[in-house]
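S.K.: My structure is in upload07.tsv, and what it holds is TSV, C-alpha atoms and all ligand atoms:
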chain	number	residue	atom	x	y	z
A	1058	MET	CA	156.04	-29.19	-106.32
A	1059	LYS	CA	158.22	-26.60	-104.64
A	1060	ARG	CA	157.62	-22.96	-105.46
A	1061	ARG	CA	160.59	-21.36	-107.23
A	1062	ILE	CA	161.88	-18.22	-105.56
A	1063	ASN	CA	164.99	-16.03	-105.56
A	1064	LEU	CA	166.52	-16.42	-102.14
A	1065	ILE	CA	166.46	-18.41	-98.92
A	1066	ILE	CA	168.48	-17.46	-95.85
A	1067	LYS	CA	168.66	-20.56	-93.66
A	1068	ASN	CA	170.19	-21.93	-90.45
A	1069	ALA	CA	169.76	-18.82	-88.29
A	1070	SER	CA	170.37	-19.53	-84.61
A	1071	GLU	CA	167.74	-16.89	-83.96
A	1072	LEU	CA	165.45	-15.45	-86.62
A	1073	ILE	CA	163.89	-12.39	-85.00
A	1074	THR	CA	160.78	-11.68	-87.04
A	1075	MET	CA	159.36	-8.62	-85.24
A	1076	ARG	CA	155.94	-9.84	-86.39
A	1077	SER	CA	153.08	-8.93	-84.14
A	1078	ALA	CA	149.41	-9.86	-84.04
A	1079	LYS	CA	148.42	-6.22	-83.62
A	1080	ALA	CA	149.03	-3.58	-86.31
A	1081	GLY	CA	150.97	-0.46	-85.34
A	1082	PRO	CA	154.07	0.12	-83.25
A	1083	ARG	CA	154.73	-2.17	-80.29
A	1084	CYS	CA	154.14	-0.54	-76.91
A	1085	GLY	CA	154.81	-1.34	-73.26
A	1086	HIS	CA	155.54	-5.00	-72.59
A	1087	ASP	CA	155.15	-5.86	-76.31
A	1088	MET	CA	158.45	-4.05	-76.96
A	1089	HIS	CA	160.19	-6.74	-74.94
A	1090	GLU	CA	158.33	-9.79	-76.31
A	1091	LEU	CA	160.08	-10.98	-79.46
A	1092	GLU	CA	159.16	-13.83	-81.77
A	1093	ILE	CA	162.36	-15.84	-82.06
A	1094	ILE	CA	162.45	-18.77	-84.51
A	1095	ALA	CA	165.27	-21.15	-83.60
A	1096	ASP	CA	167.02	-22.72	-86.62
A	1097	GLY	CA	165.06	-20.19	-88.65
A	1098	ALA	CA	164.86	-19.37	-92.33
A	1099	VAL	CA	163.37	-16.61	-94.43
A	1100	ALA	CA	162.13	-16.97	-98.01
A	1101	VAL	CA	162.47	-14.03	-100.39
A	1102	ASP	CA	161.14	-13.58	-103.90
A	1103	LYS	CA	162.28	-10.56	-105.90
A	1104	ASP	CA	162.32	-7.70	-103.36
A	1105	LYS	CA	159.73	-9.15	-100.96
A	1106	ILE	CA	159.62	-11.51	-98.01
A	1107	ILE	CA	157.22	-14.36	-98.68
A	1108	ASP	CA	157.62	-16.68	-95.71
A	1109	VAL	CA	159.48	-17.34	-92.45
A	1110	GLY	CA	159.78	-20.55	-90.46
A	1111	ARG	CA	162.10	-23.36	-89.42
A	1112	SER	CA	164.84	-24.06	-91.96
A	1113	LYS	CA	163.43	-27.55	-92.68
A	1114	THR	CA	159.92	-26.24	-93.30
A	1115	ILE	CA	161.11	-23.49	-95.64
A	1116	ALA	CA	163.36	-25.96	-97.55
A	1117	ALA	CA	160.38	-28.29	-98.04
A	1118	LYS	CA	158.22	-25.55	-99.54
A	1119	TYR	CA	160.58	-23.54	-101.76
A	1120	GLN	CA	163.27	-24.01	-104.39
A	1121	ALA	CA	165.58	-20.97	-104.27
A	1122	ALA	CA	167.90	-19.75	-107.02
A	1123	LYS	CA	170.26	-18.68	-104.25
A	1124	THR	CA	170.70	-19.84	-100.67
A	1125	ILE	CA	172.66	-18.08	-97.97
A	1126	ASP	CA	173.66	-20.21	-95.02
A	1127	ALA	CA	173.54	-17.99	-91.92
A	1128	GLY	CA	175.76	-20.58	-90.24
A	1129	GLY	CA	174.10	-20.50	-86.85
A	1130	LYS	CA	174.13	-16.70	-86.60
A	1131	THR	CA	171.35	-14.21	-85.84
A	1132	VAL	CA	169.06	-12.74	-88.53
A	1133	THR	CA	166.92	-9.63	-87.98
A	1134	PRO	CA	165.03	-7.15	-90.15
A	1135	GLY	CA	167.28	-4.35	-91.48
A	1136	LEU	CA	167.68	-1.58	-88.91
A	1137	ILE	CA	165.86	1.69	-89.50
A	1138	ASP	CA	167.27	5.04	-88.41
A	1139	ALA	CA	164.32	7.39	-87.87
A	1140	HIS	CA	166.31	10.63	-87.42
A	1141	THR	CA	169.49	11.64	-89.28
A	1142	HIS	CA	171.21	14.67	-90.81
A	1143	PRO	CA	173.48	12.86	-93.29
A	1144	VAL	CA	174.16	15.62	-95.83
A	1145	PHE	CA	176.66	18.29	-94.78
A	1146	ALA	CA	180.08	19.66	-95.64
A	1147	GLY	CA	183.02	20.15	-93.30
A	1148	ASP	CA	183.10	18.70	-89.79
A	1149	ARG	CA	183.06	20.01	-86.22
A	1150	SER	CA	185.95	18.10	-84.64
A	1151	ASN	CA	187.48	21.35	-83.31
A	1152	GLU	CA	184.24	22.11	-81.53
A	1153	PHE	CA	184.24	18.61	-80.02
A	1154	GLU	CA	187.67	19.28	-78.56
A	1155	MET	CA	186.71	22.77	-77.33
A	1156	ARG	CA	183.71	21.29	-75.54
A	1157	LEU	CA	185.88	18.65	-73.84
A	1158	LYS	CA	187.99	21.50	-72.49
A	1159	GLY	CA	184.88	23.09	-71.03
A	1160	ALA	CA	183.87	25.64	-73.68
A	1161	THR	CA	180.22	26.67	-73.56
A	1162	TYR	CA	177.86	26.67	-76.52
A	1163	GLN	CA	178.09	30.49	-76.60
A	1164	GLU	CA	181.89	30.43	-76.69
A	1165	ILE	CA	181.85	27.85	-79.48
A	1166	SER	CA	179.34	29.91	-81.40
A	1167	ALA	CA	181.42	33.08	-80.93
A	1168	ALA	CA	184.45	31.21	-82.30
A	1169	GLY	CA	182.49	30.53	-85.50
A	1170	GLY	CA	181.36	27.03	-84.50
A	1171	GLY	CA	178.00	25.39	-84.03
A	1172	ILE	CA	175.39	24.76	-86.66
A	1173	LYS	CA	176.22	28.08	-88.35
A	1174	SER	CA	179.63	26.77	-89.41
A	1175	THR	CA	177.97	23.77	-91.08
A	1176	VAL	CA	175.48	26.07	-92.81
A	1177	LYS	CA	178.36	28.16	-94.17
A	1178	ALA	CA	180.10	25.05	-95.54
A	1179	VAL	CA	176.91	23.62	-97.08
A	1180	ARG	CA	176.06	26.90	-98.82
A	1181	LYS	CA	179.52	26.91	-100.42
A	1182	ALA	CA	179.33	23.29	-101.59
A	1183	SER	CA	177.84	22.30	-104.94
A	1184	GLU	CA	175.23	19.57	-105.31
A	1185	LYS	CA	177.84	17.31	-106.84
A	1186	GLU	CA	180.25	17.90	-103.96
A	1187	LEU	CA	177.57	17.18	-101.36
A	1188	VAL	CA	176.67	13.90	-103.07
A	1189	HIS	CA	180.35	12.95	-103.17
A	1190	ILE	CA	180.96	13.80	-99.47
A	1191	SER	CA	177.80	12.06	-98.26
A	1192	LEU	CA	178.23	8.73	-100.08
A	1193	PRO	CA	180.78	7.17	-97.70
A	1194	ARG	CA	178.51	8.06	-94.76
A	1195	LEU	CA	175.66	6.11	-96.34
A	1196	GLU	CA	177.99	3.14	-96.87
A	1197	SER	CA	178.85	3.37	-93.20
A	1198	PHE	CA	175.15	3.25	-92.20
A	1199	ILE	CA	174.66	0.10	-94.30
A	1200	SER	CA	177.80	-1.59	-93.02
A	1201	CYS	CA	176.40	-1.23	-89.48
A	1202	GLY	CA	173.13	-2.98	-90.44
A	1203	THR	CA	170.94	0.02	-91.29
A	1204	THR	CA	168.85	-0.31	-94.46
A	1205	THR	CA	166.61	2.81	-94.30
A	1206	ILE	CA	167.07	6.28	-92.83
A	1207	ASP	CA	165.12	9.47	-92.37
A	1208	ALA	CA	167.31	12.16	-94.02
A	1209	LYS	CA	166.86	15.83	-93.17
A	1210	SER	CA	167.81	19.05	-94.91
A	1211	GLY	CA	168.37	22.03	-92.62
A	1212	TYR	CA	171.94	23.21	-93.24
A	1213	GLY	CA	171.04	25.41	-96.20
A	1214	LEU	CA	168.49	27.80	-94.68
A	1215	THR	CA	167.91	29.68	-97.95
A	1216	LEU	CA	165.33	28.64	-100.52
A	1217	ASP	CA	168.00	27.52	-103.01
A	1218	ASP	CA	170.23	25.79	-100.48
A	1219	GLU	CA	167.38	23.87	-98.82
A	1220	LEU	CA	166.17	22.66	-102.23
A	1221	LYS	CA	169.77	21.80	-103.10
A	1222	MET	CA	170.08	19.62	-99.97
A	1223	LEU	CA	166.81	17.83	-100.71
A	1224	ARG	CA	167.86	17.17	-104.32
A	1225	VAL	CA	171.12	15.70	-102.97
A	1226	ILE	CA	169.08	13.42	-100.68
A	1227	ARG	CA	166.89	12.38	-103.64
A	1228	ASP	CA	169.90	11.71	-105.88
A	1229	LEU	CA	171.75	9.77	-103.18
A	1230	GLY	CA	168.75	7.45	-102.93
A	1231	LYS	CA	169.12	6.57	-106.61
A	1232	ILE	CA	172.83	5.72	-106.74
A	1233	GLN	CA	173.35	3.44	-103.73
A	1234	PRO	CA	171.21	0.90	-101.82
A	1235	LEU	CA	170.41	2.72	-98.54
A	1236	GLU	CA	166.82	4.02	-98.68
A	1237	LEU	CA	166.42	7.69	-97.71
A	1238	ILE	CA	163.11	9.16	-96.55
A	1239	PRO	CA	163.37	12.94	-97.18
A	1240	THR	CA	162.48	15.42	-94.44
A	1241	PHE	CA	162.44	19.20	-94.95
A	1242	LEU	CA	164.03	20.98	-91.98
A	1243	GLY	CA	164.25	24.60	-93.13
A	1244	ALA	CA	163.25	25.53	-89.57
A	1245	HIS	CA	166.47	24.10	-88.09
A	1246	GLU	CA	167.92	27.45	-87.00
A	1247	ILE	CA	167.51	31.18	-87.67
A	1248	PRO	CA	170.11	31.92	-90.36
A	1249	PRO	CA	172.65	34.66	-89.49
A	1250	GLU	CA	171.23	37.09	-92.08
A	1251	TYR	CA	167.81	36.89	-90.37
A	1252	GLN	CA	169.05	37.55	-86.81
A	1253	GLY	CA	166.51	39.83	-85.15
A	1254	ARG	CA	164.05	39.26	-88.03
A	1255	LYS	CA	162.76	35.81	-87.16
A	1256	ASN	CA	159.25	36.57	-88.41
A	1257	GLU	CA	160.58	37.26	-91.87
A	1258	TYR	CA	162.38	33.91	-91.88
A	1259	VAL	CA	159.19	32.15	-90.78
A	1260	LYS	CA	157.47	33.85	-93.72
A	1261	LEU	CA	160.20	32.66	-96.10
A	1262	ILE	CA	159.67	29.09	-94.88
A	1263	THR	CA	155.90	29.12	-95.31
A	1264	GLU	CA	155.53	31.34	-98.36
A	1265	GLN	CA	158.45	30.11	-100.42
A	1266	MET	CA	160.25	27.05	-99.10
A	1267	ILE	CA	157.34	24.73	-98.27
A	1268	PRO	CA	155.45	25.44	-101.53
A	1269	ALA	CA	158.66	24.81	-103.55
A	1270	VAL	CA	159.44	21.60	-101.63
A	1271	ILE	CA	155.91	20.33	-102.31
A	1272	ASN	CA	155.94	21.45	-105.93
A	1273	ASP	CA	159.21	19.63	-106.61
A	1274	LYS	CA	158.06	16.59	-104.52
A	1275	LEU	CA	161.30	16.74	-102.54
A	1276	ALA	CA	160.11	15.83	-99.03
A	1277	GLU	CA	157.60	13.63	-97.29
A	1278	PHE	CA	157.97	15.20	-93.83
A	1279	CYS	CA	158.38	18.68	-92.40
A	1280	ASP	CA	160.44	18.89	-89.21
A	1281	ILE	CA	161.30	21.84	-86.93
A	1282	PHE	CA	163.75	22.63	-84.15
A	1283	CYS	CA	161.22	23.62	-81.49
A	1284	GLU	CA	163.34	25.07	-78.70
A	1285	LYS	CA	163.66	28.14	-76.50
A	1286	GLY	CA	165.37	30.92	-78.45
A	1287	VAL	CA	165.02	29.07	-81.77
A	1288	PHE	CA	161.48	28.27	-82.94
A	1289	GLU	CA	159.20	28.60	-79.95
A	1290	ILE	CA	155.78	26.99	-79.59
A	1291	GLU	CA	153.76	29.63	-81.46
A	1292	GLU	CA	156.13	29.71	-84.45
A	1293	SER	CA	156.38	25.94	-84.49
A	1294	ARG	CA	152.60	25.59	-84.47
A	1295	TYR	CA	152.28	28.08	-87.32
A	1296	ILE	CA	154.92	26.43	-89.55
A	1297	LEU	CA	153.87	22.83	-88.86
A	1298	ASP	CA	150.19	23.58	-89.26
A	1299	PHE	CA	150.96	25.22	-92.60
A	1300	ALA	CA	153.06	22.23	-93.71
A	1301	ARG	CA	150.38	19.77	-92.62
A	1302	LYS	CA	147.61	21.61	-94.44
A	1303	HIS	CA	149.70	21.58	-97.60
A	1304	GLY	CA	150.23	17.82	-97.50
A	1305	LEU	CA	153.49	17.19	-95.62
A	1306	LYS	CA	153.53	14.83	-92.64
A	1307	ILE	CA	155.08	16.45	-89.59
A	1308	LYS	CA	157.63	15.72	-86.85
A	1309	LEU	CA	159.45	17.84	-84.26
A	1310	HIS	CA	162.77	18.20	-82.47
A	1311	ALA	CA	161.02	18.71	-79.13
A	1312	ASP	CA	161.86	19.38	-75.48
A	1313	GLU	CA	165.58	18.75	-75.93
A	1314	PHE	CA	166.97	21.32	-73.50
A	1315	ALA	CA	163.90	22.97	-71.95
A	1316	PRO	CA	160.38	21.59	-71.25
A	1317	LEU	CA	158.82	24.00	-73.70
A	1318	GLY	CA	155.73	21.91	-74.47
A	1319	GLY	CA	156.96	20.45	-77.77
A	1320	ALA	CA	155.52	17.04	-76.90
A	1321	GLU	CA	152.11	18.56	-76.21
A	1322	LEU	CA	152.30	20.47	-79.51
A	1323	ALA	CA	153.18	17.24	-81.34
A	1324	ALA	CA	150.04	15.65	-79.88
A	1325	GLU	CA	147.88	18.68	-80.68
A	1326	LEU	CA	148.97	18.71	-84.33
A	1327	GLY	CA	148.95	14.95	-84.82
A	1328	ALA	CA	152.68	14.72	-85.56
A	1329	ILE	CA	153.98	11.27	-86.45
A	1330	SER	CA	156.84	11.68	-83.94
A	1331	ALA	CA	158.43	13.98	-81.38
A	1332	ASP	CA	162.18	13.53	-81.13
A	1333	HIS	CA	164.83	14.08	-78.37
A	1334	LEU	CA	162.49	14.62	-75.35
A	1335	MET	CA	165.21	14.83	-72.69
A	1336	ALA	CA	163.18	17.51	-70.91
A	1337	VAL	CA	159.68	16.17	-71.71
A	1338	SER	CA	157.01	16.71	-69.04
A	1339	ASP	CA	154.70	13.99	-67.68
A	1340	LYS	CA	151.83	15.88	-69.24
A	1341	GLY	CA	153.65	15.75	-72.58
A	1342	ILE	CA	154.17	11.99	-72.28
A	1343	ARG	CA	150.46	11.48	-71.56
A	1344	ALA	CA	149.39	13.74	-74.44
A	1345	MET	CA	151.65	11.88	-76.86
A	1346	LYS	CA	150.26	8.53	-75.79
A	1347	GLU	CA	146.70	9.69	-76.26
A	1348	LYS	CA	147.40	10.75	-79.86
A	1349	GLY	CA	149.80	7.91	-80.72
A	1350	VAL	CA	152.77	10.23	-81.34
A	1351	ILE	CA	155.95	8.13	-81.45
A	1352	ALA	CA	158.73	9.20	-79.08
A	1353	VAL	CA	162.02	9.04	-81.00
A	1354	LEU	CA	164.86	9.06	-78.48
A	1355	LEU	CA	168.39	10.05	-79.49
A	1356	PRO	CA	170.67	9.09	-76.57
A	1357	GLY	CA	173.81	9.39	-78.74
A	1358	THR	CA	173.54	13.19	-78.47
A	1359	THR	CA	173.38	13.16	-74.66
A	1360	PHE	CA	176.34	10.78	-74.70
A	1361	THR	CA	178.42	12.87	-77.14
A	1362	LEU	CA	177.71	16.06	-75.21
A	1363	GLY	CA	178.94	14.31	-72.06
A	1364	LEU	CA	175.65	14.97	-70.30
A	1365	LYS	CA	173.65	12.78	-67.96
A	1366	ASN	CA	170.12	14.03	-68.61
A	1367	TYR	CA	169.00	11.13	-70.82
A	1368	ALA	CA	165.38	11.12	-71.98
A	1369	PRO	CA	163.13	9.17	-69.57
A	1370	ALA	CA	162.95	6.03	-71.72
A	1371	ARG	CA	161.68	3.77	-68.93
A	1372	LYS	CA	158.90	6.16	-68.03
A	1373	ILE	CA	157.89	6.46	-71.70
A	1374	ILE	CA	157.90	2.68	-72.29
A	1375	ASP	CA	156.24	1.80	-68.98
A	1376	ASN	CA	153.54	4.38	-69.68
A	1377	GLY	CA	152.73	2.44	-72.86
A	1378	ASN	CA	153.85	5.11	-75.36
A	1379	PRO	CA	155.14	3.95	-78.75
A	1380	MET	CA	158.87	4.71	-78.95
A	1381	ALA	CA	161.80	4.38	-81.33
A	1382	LEU	CA	165.55	5.00	-81.16
A	1383	ALA	CA	167.68	6.83	-83.73
A	1384	THR	CA	171.25	8.11	-84.11
A	1385	ASP	CA	170.55	11.80	-84.88
A	1386	PHE	CA	173.68	11.40	-87.02
A	1387	ASN	CA	175.04	14.97	-87.48
A	1388	PRO	CA	178.44	16.70	-87.37
A	1389	GLY	CA	177.88	18.53	-84.08
A	1390	THR	CA	176.23	16.44	-81.40
A	1391	CYS	CA	176.35	12.82	-82.62
A	1392	PHE	CA	178.81	11.89	-85.34
A	1393	CYS	CA	177.82	8.22	-85.38
A	1394	GLU	CA	176.11	6.13	-88.09
A	1395	SER	CA	175.88	3.02	-85.93
A	1396	LEU	CA	172.48	2.09	-84.50
A	1397	PRO	CA	174.04	-0.82	-82.58
A	1398	ALA	CA	176.19	1.78	-80.75
A	1399	ILE	CA	173.02	3.74	-79.93
A	1400	MET	CA	171.37	0.51	-78.72
A	1401	ASN	CA	174.27	0.00	-76.33
A	1402	ILE	CA	173.83	3.53	-74.94
A	1403	ALA	CA	170.05	3.01	-74.70
A	1404	CYS	CA	170.56	-0.16	-72.66
A	1405	THR	CA	173.38	0.98	-70.41
A	1406	GLN	CA	172.28	4.59	-69.84
A	1407	MET	CA	168.48	4.48	-70.18
A	1408	LYS	CA	167.98	0.93	-68.86
A	1409	MET	CA	166.20	-0.41	-71.92
A	1410	THR	CA	166.36	-4.16	-72.52
A	1411	PRO	CA	168.13	-5.46	-75.65
A	1412	ALA	CA	164.72	-6.62	-76.96
A	1413	GLU	CA	163.22	-3.15	-76.45
A	1414	ALA	CA	166.23	-1.58	-78.17
A	1415	LEU	CA	165.81	-3.90	-81.18
A	1416	THR	CA	162.07	-3.18	-81.38
A	1417	ALA	CA	162.88	0.55	-81.24
A	1418	THR	CA	165.28	0.32	-84.20
A	1419	THR	CA	163.17	-1.95	-86.43
A	1420	ILE	CA	159.37	-2.07	-86.42
A	1421	ASN	CA	158.79	1.00	-84.24
A	1422	ALA	CA	161.31	3.04	-86.23
A	1423	ALA	CA	159.48	1.97	-89.40
A	1424	TRP	CA	156.25	3.44	-88.02
A	1425	ALA	CA	158.13	6.62	-87.04
A	1426	ILE	CA	159.03	7.25	-90.70
A	1427	GLY	CA	155.64	6.26	-92.08
A	1428	ARG	CA	156.79	2.83	-93.32
A	1429	GLY	CA	155.18	0.52	-90.75
A	1430	GLU	CA	153.19	-1.28	-93.45
A	1431	SER	CA	156.19	-2.13	-95.62
A	1432	LEU	CA	159.35	-2.25	-93.46
A	1433	GLY	CA	160.60	-3.18	-90.00
A	1434	SER	CA	159.54	-6.81	-89.65
A	1435	MET	CA	159.67	-10.14	-91.48
A	1436	GLU	CA	156.16	-10.65	-92.76
A	1437	ARG	CA	154.74	-11.83	-96.05
A	1438	GLY	CA	154.67	-8.94	-98.54
A	1439	LYS	CA	157.09	-6.70	-96.69
A	1440	GLN	CA	160.27	-5.49	-98.35
A	1441	ALA	CA	163.16	-7.94	-97.96
A	1442	ASP	CA	165.55	-5.80	-95.88
A	1443	LEU	CA	167.53	-8.16	-93.65
A	1444	VAL	CA	170.74	-8.39	-91.65
A	1445	ILE	CA	172.78	-11.46	-90.77
A	1446	TRP	CA	174.74	-10.68	-87.61
A	1447	ASN	CA	177.92	-12.48	-86.65
A	1448	ILE	CA	176.53	-13.33	-83.21
A	1449	PRO	CA	174.62	-16.23	-81.62
A	1450	SER	CA	171.84	-14.08	-80.15
A	1451	TYR	CA	170.27	-10.66	-80.77
A	1452	LYS	CA	171.29	-9.71	-77.22
A	1453	HIS	CA	174.87	-9.40	-78.47
A	1454	ILE	CA	173.95	-6.38	-80.66
A	1455	PRO	CA	174.00	-3.96	-77.71
A	1456	TYR	CA	176.16	-6.20	-75.51
A	1457	HIS	CA	179.20	-6.61	-77.80
A	1458	PHE	CA	179.80	-2.93	-78.44
A	1459	GLY	CA	182.35	-0.91	-80.38
A	1460	VAL	CA	182.86	-3.41	-83.22
A	1461	ASN	CA	180.83	-4.06	-86.31
A	1462	LEU	CA	178.74	-7.21	-86.05
A	1463	ALA	CA	176.79	-7.04	-89.33
A	1464	MET	CA	178.02	-9.88	-91.53
A	1465	ALA	CA	175.63	-9.56	-94.48
A	1466	VAL	CA	173.07	-6.90	-95.34
A	1467	ILE	CA	170.22	-7.56	-97.77
A	1468	LYS	CA	168.32	-4.58	-99.22
A	1469	ARG	CA	165.24	-5.15	-101.41
A	1470	GLY	CA	166.17	-8.83	-101.69
A	1471	LYS	CA	169.75	-8.17	-102.87
A	1472	ARG	CA	172.89	-8.67	-100.84
A	1473	VAL	CA	174.64	-5.28	-100.60
A	1474	ILE	CA	177.34	-6.13	-98.00
B	1501	ZN	ZN	168.21	16.22	-85.26
What does the file become when written as structure tokens?

M.R.:
Amino acid sequence: MKRRINLIIKNASELITMRSAKAGPRCGHDMHELEIIADGAVAVDKDKIIDVGRSKTIAAKYQAAKTIDAGGKTVTPGLIDAHTHPVFAGDRSNEFEMRLKGATYQEISAAGGGIKSTVKAVRKASEKELVHISLPRLESFISCGTTTIDAKSGYGLTLDDELKMLRVIRDLGKIQPLELIPTFLGAHEIPPEYQGRKNEYVKLITEQMIPAVINDKLAEFCDIFCEKGVFEIEESRYILDFARKHGLKIKLHADEFAPLGGAELAAELGAISADHLMAVSDKGIRAMKEKGVIAVLLPGTTFTLGLKNYAPARKIIDNGNPMALATDFNPGTCFCESLPAIMNIACTQMKMTPAEALTATTINAAWAIGRGESLGSMERGKQADLVIWNIPSYKHIPYHFGVNLAMAVIKRGKRVI
């Protein structure tokens, strides 16, 4: 008697399961070692994966209400983007052009650009408008094979506007299939009205914003832009420690431009991840490894800024640190929803292998957003988030760049593309 189930995807040239004998993110050589089932199939019931194996074996065990023939193409878990800023109004295309002509950050800022211009636009926009503007971006993430994202606030920078952004993130998660994990980023920048009064803004974050975010259950993580001239180590420690003690999990934008010690702080506080890390020190890499802090690298920003100082991905991987890749999708420094594009940059510019890049955008990214137990690999009981790619091998995801290769996307067991 065959067990009746909802869905079988069969005839995959390569079914990349991302299963691993050990729990936790894959590190070192394990990032490169993939389980590939040739002529593979995956069995799904309701919103969960129940089995993987050869197509023949799966067909012998299960009777599915629906079967999708992958037609000799590649099937992977849905991609996970562990760092995005998807809710904002306006855009910064003028700034992009100014930068190409050689304008400095200061000049752009003086001309009304930079993050402050996005903050201005977000404050003006209503909740309804922000939902409306953000929806097509989420569709774009899904169409590129991404099924879950971390989604940050951080362009409001007042109590009301930060809560507004987080409610938009919550509401977006209810009206379309992409799953959004909410992250409070009130400490993204010092708002213009607090220039020269940073301590008062830090107080606003801890005394009003974080309690309200927790009270309204609007975020799972608290993030901070830990950087010279923005939130320095002491302020970052104070805010993150406060957030942690009040029940939020923590992550950091760390060591992006200067080796400030953000990685070391992430290790000290037990952050789930430290992100960017272009200027991370060797000491920081060692401290992160010791505490299991996941390095989330965002090479799309380095690329967009036309810089060459990519984060030391090889050093981080070869040292055995857990690491993930993300887009850092945002209007200023990386206006790109496509993780496959980021995988191409990671391979060509940071010398990661295609297998490492896929590990970094599936199972390791799942751990970086606190979902390692339920997402990121094809294992019995995990959520059925899957992508069928129009390619013979997973290596084509970073190799065949600049076009969309995702043929079908399945979220919670339902085909959404
Ligand atoms: Zn960011």

S.K.: Report the closest atom pair, with its distance in Å rounded to one decimal, for each residue of chain A that has an atom no farther than 9 Å from ligand ZN 1501 (chain B); count all atoms listed in the file, sort by chain and then rising residue number, and write it as a Markdown table.

M.R.:
| residue | atom | partner | partner_atom | distance |
| --- | --- | --- | --- | --- |
| A:His1140 | CA | B:ZN1501 | ZN | 6.3 |
| A:Thr1141 | CA | B:ZN1501 | ZN | 6.2 |
| A:His1142 | CA | B:ZN1501 | ZN | 6.5 |
| A:Lys1209 | CA | B:ZN1501 | ZN | 8.0 |
| A:His1245 | CA | B:ZN1501 | ZN | 8.6 |
| A:Phe1282 | CA | B:ZN1501 | ZN | 7.9 |
| A:Leu1309 | CA | B:ZN1501 | ZN | 9.0 |
| A:His1310 | CA | B:ZN1501 | ZN | 6.4 |
| A:Asp1332 | CA | B:ZN1501 | ZN | 7.8 |
| A:His1333 | CA | B:ZN1501 | ZN | 8.0 |
| A:Leu1355 | CA | B:ZN1501 | ZN | 8.4 |
| A:Thr1384 | CA | B:ZN1501 | ZN | 8.7 |
| A:Asp1385 | CA | B:ZN1501 | ZN | 5.0 |
| A:Phe1386 | CA | B:ZN1501 | ZN | 7.5 |
| A:Asn1387 | CA | B:ZN1501 | ZN | 7.3 |
| A:Thr1390 | CA | B:ZN1501 | ZN | 8.9 |

S.K.: My list of candidates is A:Gly1202, A:Pro1379, A:Gly1159, A:Gly1438. Which is closest to Ser1395 (chain A) when distances are computed with all atoms listed in the file?

M.R.: A:Gly1202

S.K.: Report, in Å with one decimal, the straight-line distance from CA of Leu1317 (chain A) to CA of Phe1299 (chain A).

M.R.: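 Those two atoms sit 20.5 Å apart.
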
S.K.: Would you mind reading off the distance between CA of Asp1312 (chain A) and CA of Ala1403 (chain A), one decimal, in Å?

M.R.: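 Atom-to-atom, CA of Asp1312 (chain A) to CA of Ala1403 (chain A), that is 18.3 Å.
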
S.K.: Quick one, how far is CA of Leu1192 (chain A) from CA of Gln1233 (chain A)?

M.R.: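 Between CA of Leu1192 (chain A) and CA of Gln1233 (chain A) the gap is 8.1 Å.
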
S.K.: Within 10 Å of region 1143-1150 of chain A, counting only C-alpha atoms, which residues qualify if same-chain residues fewer than 3 places away don't, as a PyMOL selection string?

M.R.: chain A and resi 1140+1153-1156+1170-1172+1174-1183+1186-1192+1194-1195+1198+1206-1213+1222-1223+1225-1226+1229+1237+1385-1390+1392+1394

S.K.: Which of these, A:Ala1095, A:Ile1125, A:Ala1336, A:Ile1296, has the shortest distance to Ala1311 (chain A) once you count only C-alpha atoms?

M.R.: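 Of A:Ala1095, A:Ile1125, A:Ala1336, A:Ile1296, the one nearest Ala1311 (chain A) is A:Ala1336, counting only C-alpha atoms.
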
S.K.: Pick from A:Ile1329, A:Ala1100, A:Ile1262, A:Leu1334: nearest to Ile1062 (chain A), with only C-alpha atoms counted?

M.R.: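 Answer, going by the shortest atom-to-atom distance: A:Ala1100.
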
S.K.: Compare A:Lys1308, A:Glu1071, A:Thr1131, A:Asp1087 by their minimum atom-to-atom distance to Ile1448 (chain A), counting all atoms listed in the file, and give me the closest one.

M.R.: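 Of A:Lys1308, A:Glu1071, A:Thr1131, A:Asp1087, the one nearest Ile1448 (chain A) is A:Thr1131, counting all atoms listed in the file.
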
S.K.: Name the closest residue to Gly1427 (chain A) among the candidates A:Asn1447, A:Thr1361, A:Thr1263, A:Thr1205; distances are taken between atoms, counting only C-alpha atoms.

M.R.: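 The answer is A:Thr1205, which sits nearest to Gly1427 (chain A).
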
S.K.: Counting all atoms listed in the file, which of A:Ile1467, A:Leu1136, A:Met1335, A:Val1353 gets nearest to Tyr1367 (chain A)?

M.R.: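 Ranked by minimum distance to Tyr1367 (chain A), first place goes to A:Met1335.
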
S.K.: For Ser1338 (chain A), list every protein, DNA or RNA residue within 10 Å, evaluated using only C-alpha atoms, and leave out those in the same chain fewer than 6 positions away; present the list as an mmCIF file with C-alpha atoms, keeping the file's coordinate frame.

M.R.:
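In the end it all went to out09.cif:
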data_model
loop_
_atom_site.group_PDB
_atom_site.id
_atom_site.type_symbol
_atom_site.label_atom_id
_atom_site.label_comp_id
_atom_site.auth_asym_id
_atom_site.auth_seq_id
_atom_site.Cartn_x
_atom_site.Cartn_y
_atom_site.Cartn_z
ATOM 1 C CA ASP A 1312 161.860 19.380 -75.480
ATOM 2 C CA ALA A 1315 163.900 22.970 -71.950
ATOM 3 C CA PRO A 1316 160.380 21.590 -71.250
ATOM 4 C CA LEU A 1317 158.820 24.000 -73.700
ATOM 5 C CA GLY A 1318 155.730 21.910 -74.470
ATOM 6 C CA GLY A 1319 156.960 20.450 -77.770
ATOM 7 C CA ALA A 1320 155.520 17.040 -76.900
ATOM 8 C CA GLU A 1321 152.110 18.560 -76.210
ATOM 9 C CA ALA A 1344 149.390 13.740 -74.440
ATOM 10 C CA PRO A 1369 163.130 9.170 -69.570
#
